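These notes are about the structure you will find just below.
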Amino acid sequence: MPVADYETYCEMLDRARAGRFAYPAINVSSLTTANAVLKGLAEARCDGIIQVSTGGGAFASGTAVKEMALGAISIAEHLHRAAQRYPIYVALHTDHCQADKLEAFVLPLVVETERRRAAGQPNLFNSHMFDGSALPLAENLEIAARLLERFKASDLILEIEAGVVGGEEDGIRAEASARLYTTPEDTLEVARRLNGIGARYLLAATFGNVHGVYKPGAVKLRPEVLKECQEAVVARYGETARFHLVFHGGSGSELHEIHEALDYGVVKMNIDTDTQYAFTRPIAAHMFTHYDGVLKVDGEVGDKKAYDPRTYLALAEAGMAERVKRAVTELRGAGTTLFGSQEGR
């Protein structure tokens with residue numbers, strides 16, 4: 001069952017932290033982009049995380065509907081079927097969801113998982129992110145604690161953010177004054193509020209991360225912030241409190257910064273901008289190369305094979321899959337799949 005169950009997902013995360021590698025978490029918004037991630041992960045022999053954002057879910061539901069939960073459910077149901085054909089595990093996750101969108105996005109998906117479990121079916125998603133980074137930390141953690149209590153009953157993993165990731169994603173832009181570096185005091189409070197619940201969670205601690213992609217030198221990452229936060233929580237609460245960390249805004253980061261973050265406990269790195277470009281670039285090349293086929297120039301009829309969406313979307317899928325494979329290599333994950341090692345478990 002290549003969509004990971006709870007035990008498999010937990011084992012994935014623990015192995016990644018112990019082995020100092022991370023899983024690429026790729027945002028998708030269609031069946032084609034979802035298939036591209038499966039292809040890339042399988043060819044790299046690495047498990048991974050496929051995620052849907054509020055904007056991606058709205059897009060997947062169709063421009064006439066724009067219902068974020070519906071689109072996310074549609075993509076997840078496809079992945080539950082399609083992933084069975086690939087020799088890897090994938091975990092299904094939802095990306096940034098602010099407090100004002102919980103009722104429209106995350107909570108309907110949790111209800112769907114609860115319904116499925118009552119019917120003896122597997123969870124729809126494995127984990128969900130609540131992004132309360134725009135709120136005061138106390139309010140952020142109050143909402144996170146309520147969610148984690150509910151998630152615990154359904155073997156769902158929660159991802160939270162302490163600190164703010166800069167830049168813009170899905171129309172949400174961080175304020176210029178945003179605090180881009182999580183402090184040890186922040187993470188001590190996270191552990192104090194959440195660890196007693198006895199449920200799994202992931203922490204996106206920020207160290208200068210910025211959504212999007214920028215020229216070298218434009219983004220000032222400080223991975224040592226993660227080391228300081230881990231040391232603080234271990235000193236206060238013990239080794240079992242060490243975080244499983246998430247690296248947001250991974251597109252365009254320097255390789256040495258990525259590897260340093262992995263050494264400090266990052267197990268999941270979000271990649272969206274780079275894979276969007278990898279998907280679109282082959283389409284642009286096809287259009288420029290076959291412009292007289294995709295357009296009916298000077299009254300001609302064009303070339304059906306050139307303007308058939310399957311032609312250029314297949315190229316896009318292949319291009320995105322290659323970028324996923326590169327991400328796996330950069331995250332030290334090639335050949336690490338758990339698939340096939342758990343027979344008889």
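Ordering of the structure tokens sets the chain letters (A, B, ...); residue numbers start at 1 within each chain; ligands are numbered from 1 in the order shown.
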For A:Gly196, find every residue with an atom within 12 Å (counting only C-alpha atoms), except residues of its own chain fewer than 5 positions away, and show them as a short mmCIF file (atom, residue, chain, number, x, y, z; two decimals) with C-alpha atoms, in the first residue's frame.
```
data_model
loop_
_atom_site.label_atom_id
_atom_site.label_comp_id
_atom_site.auth_asym_id
_atom_site.auth_seq_id
_atom_site.Cartn_x
_atom_site.Cartn_y
_atom_site.Cartn_z
CA ALA A 145 -2.97 22.17 20.59
CA LEU A 148 -3.31 18.04 17.69
CA GLU A 149 -5.76 16.63 20.24
CA LYS A 152 -4.32 12.15 17.71
CA GLU A 189 7.26 27.12 24.27
CA VAL A 190 6.24 24.85 21.38
CA ALA A 191 7.56 21.83 23.26
CA TYR A 201 3.93 16.90 15.01
CA TYR A 237 13.18 18.30 27.97
CA THR A 240 13.03 12.50 23.08
CA ALA A 241 11.90 16.11 22.60
#
```
- request: Going by DSSP on the backbone, which bits of stretch 44-213 of chain A are strand (DSSP E or B)? Write them as a PyMOL selection string, please.
  value: chain A and resi 48-52+90-94+127-130+157-162+166+168-169+172-173+181+201-205+207+210
task: Find the residues around A:Ala327 up to 10 Å (only C-alpha atoms counted), leave out those fewer than 3 positions away in its own chain, and share them as a list in words.
output: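 Residues meeting the cut-off are Ala22, Tyr23, Pro24, Ala25, Ile26, Gly40, Leu41, Ala44, Gly250, Ser251, Met269, Ile271, Asp274, Thr275, Ala321, Glu322, Arg323, Val324, Glu330, Leu331, Arg332, Gly333 and Ala334 of chain A.
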- prompt: Any idea what's packed within 10 Å of A:Lys227, counting only C-alpha atoms, ignoring anything in its chain fewer than 6 positions away? Could you give it as a list in words?
  reply: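 Answer for this query is Pro184, Glu260, Ala261, Asp263, Tyr264 and Gly265 of chain A.
The two atoms in question, atom CA of A:Thr311 and atom CA of A:Phe279, are spaced 13.2 Å apart.
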message: Restricting the calculation to only C-alpha atoms: of A:Ala4, A:Met320, A:Leu124, A:Val37, which residue gets closest to A:Ile73?
response: A:Leu124
- prompt: What does the distance between atom CA of A:Glu103 and atom CA of A:His244 come to in Å, to one decimal place?
  reply: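 These two atoms are separated by 26.5 Å.
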